[in-house]
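Data file: upload04.pdb. Format and content: PDB, C-alpha atoms and all ligand atoms.
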ATOM      1  CA  MET Z   1      10.296   8.988  10.738  1.00  0.00           C
ATOM      2  CA  GLU Z   2      10.025   6.334   8.057  1.00  0.00           C
ATOM      3  CA  ARG Z   3       7.692   6.482   5.054  1.00  0.00           C
ATOM      4  CA  THR Z   4       6.186   3.725   2.943  1.00  0.00           C
ATOM      5  CA  PHE Z   5       4.060   3.362  -0.160  1.00  0.00           C
ATOM      6  CA  LEU Z   6       0.765   1.539   0.288  1.00  0.00           C
ATOM      7  CA  MET Z   7      -1.774   0.926  -2.445  1.00  0.00           C
ATOM      8  CA  LEU Z   8      -5.326  -0.415  -2.247  1.00  0.00           C
ATOM      9  CA  LYS Z   9      -5.597  -2.537  -5.359  1.00  0.00           C
ATOM     10  CA  PRO Z  10      -8.584  -2.510  -7.776  1.00  0.00           C
ATOM     11  CA  ASP Z  11     -10.236  -5.444  -5.967  1.00  0.00           C
ATOM     12  CA  ALA Z  12     -10.291  -3.491  -2.679  1.00  0.00           C
ATOM     13  CA  VAL Z  13     -11.843  -0.474  -4.419  1.00  0.00           C
ATOM     14  CA  GLN Z  14     -14.474  -2.558  -6.228  1.00  0.00           C
ATOM     15  CA  ARG Z  15     -15.367  -4.422  -3.038  1.00  0.00           C
ATOM     16  CA  GLY Z  16     -15.944  -1.218  -1.063  1.00  0.00           C
ATOM     17  CA  LEU Z  17     -13.050  -1.808   1.327  1.00  0.00           C
ATOM     18  CA  ILE Z  18     -11.259   1.549   0.975  1.00  0.00           C
ATOM     19  CA  GLY Z  19     -12.413   3.066   4.239  1.00  0.00           C
ATOM     20  CA  GLU Z  20     -12.134  -0.130   6.214  1.00  0.00           C
ATOM     21  CA  ILE Z  21      -8.551  -0.895   5.193  1.00  0.00           C
ATOM     22  CA  ILE Z  22      -7.347   2.689   5.599  1.00  0.00           C
ATOM     23  CA  SER Z  23      -8.804   2.533   9.089  1.00  0.00           C
ATOM     24  CA  TRP Z  24      -6.339  -0.235  10.067  1.00  0.00           C
ATOM     25  CA  PHE Z  25      -3.407   2.125   9.519  1.00  0.00           C
ATOM     26  CA  GLU Z  26      -5.053   5.128  11.181  1.00  0.00           C
ATOM     27  CA  LYS Z  27      -5.923   3.096  14.256  1.00  0.00           C
ATOM     28  CA  LYS Z  28      -2.454   1.549  14.417  1.00  0.00           C
ATOM     29  CA  GLY Z  29      -0.997   5.034  14.805  1.00  0.00           C
ATOM     30  CA  PHE Z  30       0.507   5.738  11.414  1.00  0.00           C
ATOM     31  CA  GLN Z  31       0.016   9.078   9.710  1.00  0.00           C
ATOM     32  CA  LEU Z  32      -1.233   9.671   6.162  1.00  0.00           C
ATOM     33  CA  VAL Z  33       0.995  12.095   4.249  1.00  0.00           C
ATOM     34  CA  ALA Z  34      -0.138  11.658   0.630  1.00  0.00           C
ATOM     35  CA  MET Z  35      -3.058  10.023  -1.155  1.00  0.00           C
ATOM     36  CA  LYS Z  36      -4.256   9.767  -4.756  1.00  0.00           C
ATOM     37  CA  PHE Z  37      -7.152   7.999  -6.516  1.00  0.00           C
ATOM     38  CA  LEU Z  38      -6.031   6.935  -9.970  1.00  0.00           C
ATOM     39  CA  GLN Z  39      -6.042   4.180 -12.577  1.00  0.00           C
ATOM     40  CA  LEU Z  40      -2.626   2.814 -13.513  1.00  0.00           C
ATOM     41  CA  THR Z  41      -1.567   2.876 -17.142  1.00  0.00           C
ATOM     42  CA  PRO Z  42       0.197  -0.241 -18.478  1.00  0.00           C
ATOM     43  CA  GLU Z  43       3.424   1.823 -18.401  1.00  0.00           C
ATOM     44  CA  MET Z  44       2.997   2.656 -14.711  1.00  0.00           C
ATOM     45  CA  ALA Z  45       2.191  -0.974 -13.936  1.00  0.00           C
ATOM     46  CA  ALA Z  46       5.350  -2.087 -15.736  1.00  0.00           C
ATOM     47  CA  GLU Z  47       7.431   0.390 -13.763  1.00  0.00           C
ATOM     48  CA  HIS Z  48       5.817  -0.538 -10.454  1.00  0.00           C
ATOM     49  CA  TYR Z  49       6.225  -4.288 -11.000  1.00  0.00           C
ATOM     50  CA  ALA Z  50       9.514  -4.188 -12.957  1.00  0.00           C
ATOM     51  CA  GLU Z  51      11.060  -6.837 -10.674  1.00  0.00           C
ATOM     52  CA  HIS Z  52       8.376  -9.342 -11.739  1.00  0.00           C
ATOM     53  CA  GLY Z  53       8.691  -8.827 -15.511  1.00  0.00           C
ATOM     54  CA  GLY Z  54       8.910 -12.186 -17.321  1.00  0.00           C
ATOM     55  CA  LYS Z  55       7.362 -14.246 -14.505  1.00  0.00           C
ATOM     56  CA  PRO Z  56       4.368 -16.453 -15.411  1.00  0.00           C
ATOM     57  CA  PHE Z  57       1.916 -14.387 -13.366  1.00  0.00           C
ATOM     58  CA  TYR Z  58       3.123 -11.029 -14.751  1.00  0.00           C
ATOM     59  CA  PRO Z  59       0.599 -10.553 -17.623  1.00  0.00           C
ATOM     60  CA  GLY Z  60      -2.294 -11.334 -15.293  1.00  0.00           C
ATOM     61  CA  LEU Z  61      -0.872  -9.049 -12.646  1.00  0.00           C
ATOM     62  CA  VAL Z  62      -0.624  -6.087 -15.043  1.00  0.00           C
ATOM     63  CA  ALA Z  63      -4.147  -6.754 -16.395  1.00  0.00           C
ATOM     64  CA  PHE Z  64      -5.511  -6.838 -12.841  1.00  0.00           C
ATOM     65  CA  ILE Z  65      -3.695  -3.811 -11.468  1.00  0.00           C
ATOM     66  CA  THR Z  66      -4.763  -1.665 -14.455  1.00  0.00           C
ATOM     67  CA  ALA Z  67      -8.379  -2.935 -14.465  1.00  0.00           C
ATOM     68  CA  GLY Z  68      -9.817  -0.155 -12.304  1.00  0.00           C
ATOM     69  CA  PRO Z  69      -8.915   2.681  -9.964  1.00  0.00           C
ATOM     70  CA  VAL Z  70      -6.581   2.241  -6.999  1.00  0.00           C
ATOM     71  CA  VAL Z  71      -5.848   4.273  -3.874  1.00  0.00           C
ATOM     72  CA  ALA Z  72      -2.157   5.181  -3.749  1.00  0.00           C
ATOM     73  CA  MET Z  73      -0.886   6.400  -0.387  1.00  0.00           C
ATOM     74  CA  CYS Z  74       2.168   7.431   1.555  1.00  0.00           C
ATOM     75  CA  TRP Z  75       2.097   6.579   5.260  1.00  0.00           C
ATOM     76  CA  GLU Z  76       4.587   7.706   7.868  1.00  0.00           C
ATOM     77  CA  GLY Z  77       5.546   6.311  11.247  1.00  0.00           C
ATOM     78  CA  GLN Z  78       7.954   4.341  13.363  1.00  0.00           C
ATOM     79  CA  ASP Z  79       9.132   1.251  11.426  1.00  0.00           C
ATOM     80  CA  VAL Z  80       6.142   1.713   9.120  1.00  0.00           C
ATOM     81  CA  ILE Z  81       7.674  -0.282   6.235  1.00  0.00           C
ATOM     82  CA  THR Z  82       8.093  -3.490   8.236  1.00  0.00           C
ATOM     83  CA  VAL Z  83       5.019  -3.058  10.406  1.00  0.00           C
ATOM     84  CA  ALA Z  84       2.722  -2.355   7.438  1.00  0.00           C
ATOM     85  CA  ARG Z  85       4.000  -5.517   5.730  1.00  0.00           C
ATOM     86  CA  GLU Z  86       3.284  -7.487   8.920  1.00  0.00           C
ATOM     87  CA  MET Z  87      -0.203  -5.996   9.063  1.00  0.00           C
ATOM     88  CA  MET Z  88      -0.790  -6.948   5.401  1.00  0.00           C
ATOM     89  CA  GLY Z  89       0.192 -10.582   5.913  1.00  0.00           C
ATOM     90  CA  ALA Z  90       1.630 -13.066   3.417  1.00  0.00           C
ATOM     91  CA  THR Z  91       1.393 -12.487  -0.340  1.00  0.00           C
ATOM     92  CA  ASN Z  92      -0.746 -15.623  -0.629  1.00  0.00           C
ATOM     93  CA  PRO Z  93      -3.850 -14.822   1.445  1.00  0.00           C
ATOM     94  CA  ALA Z  94      -4.305 -18.537   2.127  1.00  0.00           C
ATOM     95  CA  LYS Z  95      -1.068 -18.327   4.122  1.00  0.00           C
ATOM     96  CA  ALA Z  96      -1.783 -14.910   5.651  1.00  0.00           C
ATOM     97  CA  LEU Z  97      -2.615 -15.204   9.336  1.00  0.00           C
ATOM     98  CA  PRO Z  98      -6.018 -14.267  10.701  1.00  0.00           C
ATOM     99  CA  GLY Z  99      -5.642 -10.766  12.076  1.00  0.00           C
ATOM    100  CA  THR Z 100      -3.790  -9.548   9.006  1.00  0.00           C
ATOM    101  CA  ILE Z 101      -5.416  -7.566   6.202  1.00  0.00           C
ATOM    102  CA  ARG Z 102      -4.940 -10.239   3.541  1.00  0.00           C
ATOM    103  CA  GLY Z 103      -5.867 -12.916   6.081  1.00  0.00           C
ATOM    104  CA  THR Z 104      -9.099 -11.055   6.791  1.00  0.00           C
ATOM    105  CA  TYR Z 105     -10.211  -9.895   3.337  1.00  0.00           C
ATOM    106  CA  ALA Z 106      -8.673 -12.120   0.647  1.00  0.00           C
ATOM    107  CA  VAL Z 107      -8.414 -15.709  -0.584  1.00  0.00           C
ATOM    108  CA  ASP Z 108      -6.356 -15.530  -3.803  1.00  0.00           C
ATOM    109  CA  THR Z 109      -2.761 -14.393  -4.455  1.00  0.00           C
ATOM    110  CA  GLY Z 110      -3.906 -12.610  -7.602  1.00  0.00           C
ATOM    111  CA  ARG Z 111      -6.576 -10.667  -5.666  1.00  0.00           C
ATOM    112  CA  ASN Z 112      -4.807  -9.774  -2.433  1.00  0.00           C
ATOM    113  CA  VAL Z 113      -6.257  -6.255  -1.945  1.00  0.00           C
ATOM    114  CA  ILE Z 114      -3.145  -4.298  -0.937  1.00  0.00           C
ATOM    115  CA  HIS Z 115       0.425  -3.489  -1.916  1.00  0.00           C
ATOM    116  CA  GLY Z 116       3.148  -2.310   0.451  1.00  0.00           C
ATOM    117  CA  SER Z 117       6.811  -1.473  -0.109  1.00  0.00           C
ATOM    118  CA  ASP Z 118       9.179  -4.163   1.182  1.00  0.00           C
ATOM    119  CA  SER Z 119      12.274  -2.003   1.929  1.00  0.00           C
ATOM    120  CA  PRO Z 120      13.349   1.642   2.289  1.00  0.00           C
ATOM    121  CA  ALA Z 121      14.781   1.561  -1.253  1.00  0.00           C
ATOM    122  CA  ALA Z 122      11.525   0.164  -2.638  1.00  0.00           C
ATOM    123  CA  ALA Z 123       9.505   2.770  -0.745  1.00  0.00           C
ATOM    124  CA  GLU Z 124      11.555   5.611  -2.212  1.00  0.00           C
ATOM    125  CA  ARG Z 125      11.342   4.173  -5.730  1.00  0.00           C
ATOM    126  CA  GLU Z 126       7.609   3.462  -5.573  1.00  0.00           C
ATOM    127  CA  LEU Z 127       6.651   6.799  -3.978  1.00  0.00           C
ATOM    128  CA  ALA Z 128       8.425   8.564  -6.849  1.00  0.00           C
ATOM    129  CA  ILE Z 129       6.243   6.726  -9.386  1.00  0.00           C
ATOM    130  CA  TYR Z 130       3.016   8.071  -7.878  1.00  0.00           C
ATOM    131  CA  PHE Z 131       3.808  11.368  -6.170  1.00  0.00           C
ATOM    132  CA  ARG Z 132       5.545  14.682  -6.729  1.00  0.00           C
ATOM    133  CA  PRO Z 133       7.348  16.406  -3.842  1.00  0.00           C
ATOM    134  CA  GLU Z 134       4.439  18.836  -3.354  1.00  0.00           C
ATOM    135  CA  ASP Z 135       1.986  15.949  -2.857  1.00  0.00           C
ATOM    136  CA  PHE Z 136       3.408  15.133   0.591  1.00  0.00           C
ATOM    137  CA  PHE Z 137       1.926  16.926   3.594  1.00  0.00           C
ATOM    138  CA  ASN Z 138       4.024  17.503   6.687  1.00  0.00           C
ATOM    139  CA  TRP Z 139       1.244  18.054   9.177  1.00  0.00           C
ATOM    140  CA  ASP Z 140       1.320  17.970  12.945  1.00  0.00           C
ATOM    141  CA  ARG Z 141      -0.967  15.492  14.558  1.00  0.00           C
ATOM    142  CA  SER Z 142      -1.931  16.626  18.026  1.00  0.00           C
ATOM    143  CA  LEU Z 143      -2.051  13.015  19.225  1.00  0.00           C
ATOM    144  CA  ALA Z 144       1.533  12.298  18.120  1.00  0.00           C
ATOM    145  CA  PRO Z 145       2.977  12.172  21.675  1.00  0.00           C
ATOM    146  CA  TRP Z 146       0.340   9.569  22.548  1.00  0.00           C
ATOM    147  CA  PHE Z 147       1.523   7.235  19.802  1.00  0.00           C
ATOM    148  CA  THR Z 148       5.317   7.516  20.055  1.00  0.00           C
ATOM    149  CA  GLU Z 149       7.620   8.363  22.930  1.00  0.00           C
TER
HETATM  150  P1  LIG U   1       3.949  -8.691  -2.325  1.00  0.00           P
HETATM  151  O1  LIG U   1       2.787  -7.935  -2.929  1.00  0.00           O
HETATM  152  O2  LIG U   1       3.529  -9.391  -1.055  1.00  0.00           O
HETATM  153  O3  LIG U   1       5.189  -7.858  -2.137  1.00  0.00           O
HETATM  154  P2  LIG U   1       5.296  -9.950  -4.591  1.00  0.00           P
HETATM  155  O4  LIG U   1       5.985 -11.272  -4.545  1.00  0.00           O
HETATM  156  O5  LIG U   1       6.147  -8.723  -4.674  1.00  0.00           O
HETATM  157  O6  LIG U   1       4.309  -9.883  -3.330  1.00  0.00           O
HETATM  158  O7  LIG U   1       4.298  -9.983  -5.825  1.00  0.00           O
HETATM  159  C1  LIG U   1       3.648  -8.806  -6.245  1.00  0.00           C
HETATM  160  C2  LIG U   1       2.196  -9.114  -6.532  1.00  0.00           C
HETATM  161  O8  LIG U   1       2.126  -9.985  -7.648  1.00  0.00           O
HETATM  162  C3  LIG U   1       1.457  -9.861  -5.418  1.00  0.00           C
HETATM  163  O9  LIG U   1       0.945  -9.008  -4.407  1.00  0.00           O
HETATM  164  C4  LIG U   1       0.351 -10.546  -6.186  1.00  0.00           C
HETATM  165  O10 LIG U   1      -0.708  -9.620  -6.469  1.00  0.00           O
HETATM  166  C5  LIG U   1       1.039 -10.882  -7.499  1.00  0.00           C
HETATM  167  N1  LIG U   1       1.562 -12.247  -7.482  1.00  0.00           N
HETATM  168  C6  LIG U   1       2.729 -12.672  -6.937  1.00  0.00           C
HETATM  169  N2  LIG U   1       2.905 -13.991  -7.103  1.00  0.00           N
HETATM  170  C7  LIG U   1       1.796 -14.412  -7.774  1.00  0.00           C
HETATM  171  C8  LIG U   1       1.359 -15.705  -8.236  1.00  0.00           C
HETATM  172  O11 LIG U   1       2.020 -16.723  -8.073  1.00  0.00           O
HETATM  173  N3  LIG U   1       0.144 -15.734  -8.878  1.00  0.00           N
HETATM  174  C9  LIG U   1      -0.621 -14.622  -9.076  1.00  0.00           C
HETATM  175  N4  LIG U   1      -0.241 -13.394  -8.652  1.00  0.00           N
HETATM  176  C10 LIG U   1       0.949 -13.294  -8.016  1.00  0.00           C
HETATM  177 MG    MG U   2       6.559  -7.101  -3.496  1.00  0.00          MG
END

Would you encode the structure as C-alpha cells?
Ligand code: IDP
Ligand code: MG
Amino acid sequence: MERTFLMLKPDAVQRGLIGEIISWFEKKGFQLVAMKFLQLTPEMAAEHYAEHGGKPFYPGLVAFITAGPVVAMCWEGQDVITVAREMMGATNPAKALPGTIRGTYAVDTGRNVIHGSDSPAAAERELAIYFRPEDFFNWDRSLAPWFTE
C-alpha cells in the first residue's frame, strides 16, 4: 500500500474547511495513518519547499505557509499519491476542474488550501519532515475488503 503526505494549508484551517476536506479522502476510501496540528517554522517551510527556493513567489509562499496552523497528514491507499493529486486539482485553482478540491474551494494559486506529494520520493521526504516512525498507525479497517479487492 502506498502512502502520501497531505497538508491542509493555513487558509483551509482559517476558513473552517478541515473536516470537509478530510472527508473527501475518507469517503474516497483512503486510510488516515498519521495526523498532526502544527504551525510551520520558517526552517520547516524552507525544507518543505526547498525545490522552489529562489522563485519569485517563494517569499510569499513561506510567509503564507507559516502564517497559522496547518493539518499535516499521512494517508494510505491504492495509488494514493496520484489519486490524491487528481482529487486536489491543478495548482492554479482557476484551472482546477469543478469536482476537485481546489476547483471547489479556491480561486488563487497562493491560497490553494491543500498540499500533496507529487511522487513516491517526495512523499517519503515530506513525511520525514513532519513525522517520526512512532507517529504512524498501522490499524485494520474492517471495511478494507469493501474498498480494495
Ligand atoms: P503544487 O502544490 O500543486 O505541487 P507547486 O508548483 O509545487 O504546486 O508549488 C507549491 C506551492 O507554491 C503551490 O501549491 C502554491 O501554493 C505556491 N505557488 C506555486 N506557484 C505559485 C505562483 O505562481 N504564485 C503564487 N504561489 C505559487
Ligand atoms: Mg509541488

Next item on the list: Please identify the residues whose atoms come within 9 Å of ligand LIG 1 (chain U), using only C-alpha atoms and all ligand atoms, and report them as a PyMOL selection string.
Entry: chain Z and resi 9+49+51-52+55-58+60-62+64-65+85+88-92+108-118

Separating atom CA of Glu47 of chain Z from atom CA of Glu134 of chain Z, to the nearest tenth of an Å, is a gap of 21.4 Å

Residues matched by the PyMOL selection byres (((chain Z and resi 87) around 9) and not hetatm) as number ranges by chain
Z: 24-25, 82-86, 88-89, 99-102

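Among the candidates Z:Ala63, Z:Met7, Z:Met1, Z:Met73, the residue lying nearest to ligand MG 2 (chain U) is Z:Met7 (atoms considered: all atoms listed in the file).
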
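Atom CA of Leu8 of chain Z is found 13.9 Å from atom CA of Ala45 of chain Z.
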
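What separates atom CA of Ala96 of chain Z from atom CA of Thr41 of chain Z is a distance of 28.9 Å.
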
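For the choices Z:Cys74, Z:Pro42, Z:Tyr105, Z:Gly54, the atom-to-atom distance to Glu20 of chain Z is smallest for Z:Tyr105 when using only C-alpha atoms.
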